[in-house]
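Have a look at the structure below, then the notes.
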Amino acid sequence: MEPDSVRSTLSGLALGNVMAAAARDYQKELLAKEKTQAKPATNDVVDLDELIDDPELEKLHTERIAALKKEFEKREVLKRQGHGEYREITEGDFLGEVTGSEKVICHFYHHEFYRCKIMDKHLKALAPLHIDTKFIKLDAENAPFFVTKLAVKTLPCVMLFKNGIAFDRLIGFQDLGSKDDFTMRALENLLKRKGIIDERKADDNDEDADNYRHRSIRASAVQESDSD
């Protein structure tokens with residue numbers, strides 16, 4: 001083969017390779033553009049003015065603010081009625097307290113009874129968690145009229161009231177396994193089943209908190225018993 005013919009053939013092959021490569025690159029570019037157009041834009045700039053002027057968002061915001069305000073006002077009313085804390089009352093306060101709220105838990109106790117001290121600690125822990133229910137306690141020795149009227153014979157006795165009417169009671173620890181080492185969660189679940197408190201949002205660490213509170217209750221009750 002002549003040199004010129006060889007050079008011509010090589011040049012033709014080189015040009016063919018270049019054209020083929022260019023064609024492949026062009027095809028890749030087209031595919032990339034198609035994929036880009038098919039994907040939703042992820043970096044689009046959000047027009048905040050449009051969001052602010054969105055009537056649906058404004059409606060949701062207004063409703064949320066109204067609900068929060070209503071809940072806050074309700075809690076304030078309940079606090080003024082003595083909810084949110086575990087309080088001691090006198091026999092003279094009893095009727096006003098149990099008829100002044102929809103749901104009331106009243107612990108008839110004796111200050112020297114060990115089991116009354118255990119019940120005290122659990123109810124004190126539950127009171128701020130269930131603000132819809134009023135938590136109170138009454139010294140049975142200083143309330144002979146209502147002890148007789150309500151047939152309170154065993155202490156601790158936890159009376160449950162709805163709209164001023166006693167509808168159920170916890171006598172001693174009968175419904176709690178008849179043991180002193182029940183947890184706050186066990187008492188809470190029992191009161192929920194009886195309908196005197198509502199469900200609350202669970203905390204992932206509730207069980208650990210219960211165990212901690214239980215140990216503290218036992219230690220505190222023993223210390224108080226030893227000091228009496």
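Labels for the structure tokens follow display order: chains A, B, ..., residues from 1 in each chain, ligands from 1.
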>> So that I can see what lies close to Gly195 in chain A, please list as a ChimeraX atom specification the residues with an atom at most 12 Å from it, counting only C-alpha atoms and leaving out residues fewer than 6 positions away in the same chain.
In response: /A:102-105,132-133,160-162,167-169,188-189
>> Among range 29-176 of chain A, which ones does DSSP assign to strand (DSSP E) (computed from the backbone)? Answer as an MDAnalysis selection string.
In response: chainID A and resid 86:89 103:109 134:139 157:162 165:171
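Of note, CA of Arg115 in chain A and CA of Phe145 in chain A are spaced 22.9 Å apart.
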>> Which residues are near His107 in chain A? Cut-off 7 Å, only C-alpha atoms, ignore same chain within fewer than 2 positions. Put them as a PyMOL selection string.
In response: chain A and resi 105+109+136-138+156-159
With N, CA, C and O atoms retained, write the just-selected residues as a PDB file, in the first residue's frame.
ATOM      1  N   ILE A 105     -60.472  13.497  93.452  1.00  0.00           N
ATOM      2  CA  ILE A 105     -59.922  12.353  94.190  1.00  0.00           C
ATOM      3  C   ILE A 105     -59.620  12.838  95.600  1.00  0.00           C
ATOM      4  O   ILE A 105     -58.861  13.796  95.782  1.00  0.00           O
ATOM      5  N   TYR A 109     -56.995   9.801 105.171  1.00  0.00           N
ATOM      6  CA  TYR A 109     -55.752   9.215 105.657  1.00  0.00           C
ATOM      7  C   TYR A 109     -55.601   9.396 107.163  1.00  0.00           C
ATOM      8  O   TYR A 109     -56.339  10.142 107.812  1.00  0.00           O
ATOM      9  N   ILE A 136     -57.091  15.925  96.525  1.00  0.00           N
ATOM     10  CA  ILE A 136     -57.098  16.473  97.886  1.00  0.00           C
ATOM     11  C   ILE A 136     -56.981  15.330  98.895  1.00  0.00           C
ATOM     12  O   ILE A 136     -57.162  14.158  98.557  1.00  0.00           O
ATOM     13  N   LYS A 137     -56.680  15.694 100.138  1.00  0.00           N
ATOM     14  CA  LYS A 137     -56.640  14.684 101.201  1.00  0.00           C
ATOM     15  C   LYS A 137     -57.271  15.263 102.449  1.00  0.00           C
ATOM     16  O   LYS A 137     -57.285  16.482 102.673  1.00  0.00           O
ATOM     17  N   LEU A 138     -57.817  14.363 103.291  1.00  0.00           N
ATOM     18  CA  LEU A 138     -58.537  14.767 104.488  1.00  0.00           C
ATOM     19  C   LEU A 138     -58.152  13.837 105.637  1.00  0.00           C
ATOM     20  O   LEU A 138     -58.217  12.613 105.503  1.00  0.00           O
ATOM     21  N   PRO A 156     -55.436   3.400 103.986  1.00  0.00           N
ATOM     22  CA  PRO A 156     -55.946   4.564 103.260  1.00  0.00           C
ATOM     23  C   PRO A 156     -57.221   4.237 102.472  1.00  0.00           C
ATOM     24  O   PRO A 156     -57.404   3.117 102.003  1.00  0.00           O
ATOM     25  N   CYS A 157     -58.070   5.257 102.368  1.00  0.00           N
ATOM     26  CA  CYS A 157     -59.292   5.128 101.566  1.00  0.00           C
ATOM     27  C   CYS A 157     -59.315   6.301 100.591  1.00  0.00           C
ATOM     28  O   CYS A 157     -59.327   7.464 101.021  1.00  0.00           O
ATOM     29  N   VAL A 158     -59.301   5.995  99.309  1.00  0.00           N
ATOM     30  CA  VAL A 158     -59.299   7.041  98.279  1.00  0.00           C
ATOM     31  C   VAL A 158     -60.676   7.069  97.630  1.00  0.00           C
ATOM     32  O   VAL A 158     -61.064   6.135  96.922  1.00  0.00           O
ATOM     33  N   MET A 159     -61.410   8.137  97.889  1.00  0.00           N
ATOM     34  CA  MET A 159     -62.760   8.289  97.354  1.00  0.00           C
ATOM     35  C   MET A 159     -62.716   9.016  96.018  1.00  0.00           C
ATOM     36  O   MET A 159     -61.975   9.993  95.848  1.00  0.00           O
TER      37      MET A 159
END
> Counting only C-alpha atoms, which of A:Leu187, A:Ala166, A:Ile65, A:Ile118 gets nearest to Cys106 in chain A?
Replying inline: A:Ala166
>> I'd like the contact shell of Leu129 in chain A - 8 Å cut-off, only C-alpha atoms, skipping same-chain residues fewer than 2 positions apart - returned as a list of chain:residue names.
In response: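 Near neighbours after the sequence-gap exclusion: A:Gly84, A:Ala125, A:Leu126, A:Ala127, A:Ile131, A:Arg200.
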For the residues selected in the previous step, produce a file with all heavy atoms as a PDB file, in the first residue's frame.
ATOM      1  N   GLY A  84     -54.051  20.761  89.997  1.00  0.00           N
ATOM      2  CA  GLY A  84     -52.630  20.847  89.680  1.00  0.00           C
ATOM      3  C   GLY A  84     -51.706  20.614  90.852  1.00  0.00           C
ATOM      4  O   GLY A  84     -50.486  20.569  90.694  1.00  0.00           O
ATOM      5  N   ALA A 125     -47.406  13.017  93.315  1.00  0.00           N
ATOM      6  CA  ALA A 125     -46.718  12.967  92.025  1.00  0.00           C
ATOM      7  C   ALA A 125     -47.698  13.030  90.856  1.00  0.00           C
ATOM      8  O   ALA A 125     -47.398  13.590  89.803  1.00  0.00           O
ATOM      9  CB  ALA A 125     -45.873  11.696  91.936  1.00  0.00           C
ATOM     10  N   LEU A 126     -48.897  12.474  91.026  1.00  0.00           N
ATOM     11  CA  LEU A 126     -49.880  12.422  89.939  1.00  0.00           C
ATOM     12  C   LEU A 126     -50.632  13.739  89.752  1.00  0.00           C
ATOM     13  O   LEU A 126     -51.043  14.066  88.635  1.00  0.00           O
ATOM     14  CB  LEU A 126     -50.893  11.302  90.196  1.00  0.00           C
ATOM     15  CG  LEU A 126     -50.415   9.868  89.956  1.00  0.00           C
ATOM     16  CD1 LEU A 126     -51.465   8.873  90.456  1.00  0.00           C
ATOM     17  CD2 LEU A 126     -50.122   9.639  88.482  1.00  0.00           C
ATOM     18  N   ALA A 127     -50.818  14.486  90.828  1.00  0.00           N
ATOM     19  CA  ALA A 127     -51.657  15.693  90.767  1.00  0.00           C
ATOM     20  C   ALA A 127     -51.261  16.673  89.663  1.00  0.00           C
ATOM     21  O   ALA A 127     -52.125  17.124  88.894  1.00  0.00           O
ATOM     22  CB  ALA A 127     -51.672  16.387  92.137  1.00  0.00           C
ATOM     23  N   ILE A 131     -54.207  17.611  85.505  1.00  0.00           N
ATOM     24  CA  ILE A 131     -54.789  18.863  86.017  1.00  0.00           C
ATOM     25  C   ILE A 131     -56.308  18.898  85.880  1.00  0.00           C
ATOM     26  O   ILE A 131     -56.986  19.677  86.562  1.00  0.00           O
ATOM     27  CB  ILE A 131     -54.149  20.073  85.301  1.00  0.00           C
ATOM     28  CG1 ILE A 131     -54.395  21.362  86.107  1.00  0.00           C
ATOM     29  CG2 ILE A 131     -54.628  20.180  83.874  1.00  0.00           C
ATOM     30  CD1 ILE A 131     -53.575  22.540  85.651  1.00  0.00           C
ATOM     31  N   ARG A 200     -52.672  10.466  79.485  1.00  0.00           N
ATOM     32  CA  ARG A 200     -51.706  11.532  79.232  1.00  0.00           C
ATOM     33  C   ARG A 200     -50.634  11.001  78.293  1.00  0.00           C
ATOM     34  O   ARG A 200     -50.454   9.796  78.150  1.00  0.00           O
ATOM     35  CB  ARG A 200     -51.055  12.029  80.522  1.00  0.00           C
ATOM     36  CG  ARG A 200     -50.162  11.031  81.229  1.00  0.00           C
ATOM     37  CD  ARG A 200     -49.614  11.614  82.534  1.00  0.00           C
ATOM     38  NE  ARG A 200     -48.872  10.648  83.310  1.00  0.00           N
ATOM     39  CZ  ARG A 200     -47.562  10.443  83.190  1.00  0.00           C
ATOM     40  NH1 ARG A 200     -46.868  11.147  82.321  1.00  0.00           N
ATOM     41  NH2 ARG A 200     -46.951   9.532  83.921  1.00  0.00           N
TER      42      ARG A 200
END
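Checking A:Gly92, A:Gly177, A:Pro55, A:Pro128 one by one against Leu78 in chain A, counting only C-alpha atoms, you find the shortest gap at A:Pro128.
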> Just asking: which residues within range 58-190 of chain A are alpha helix (DSSP H) according to DSSP, as an MDAnalysis selection string?
Replying inline: chainID A and resid 58:80 94:99 114:126 144:149 184:190
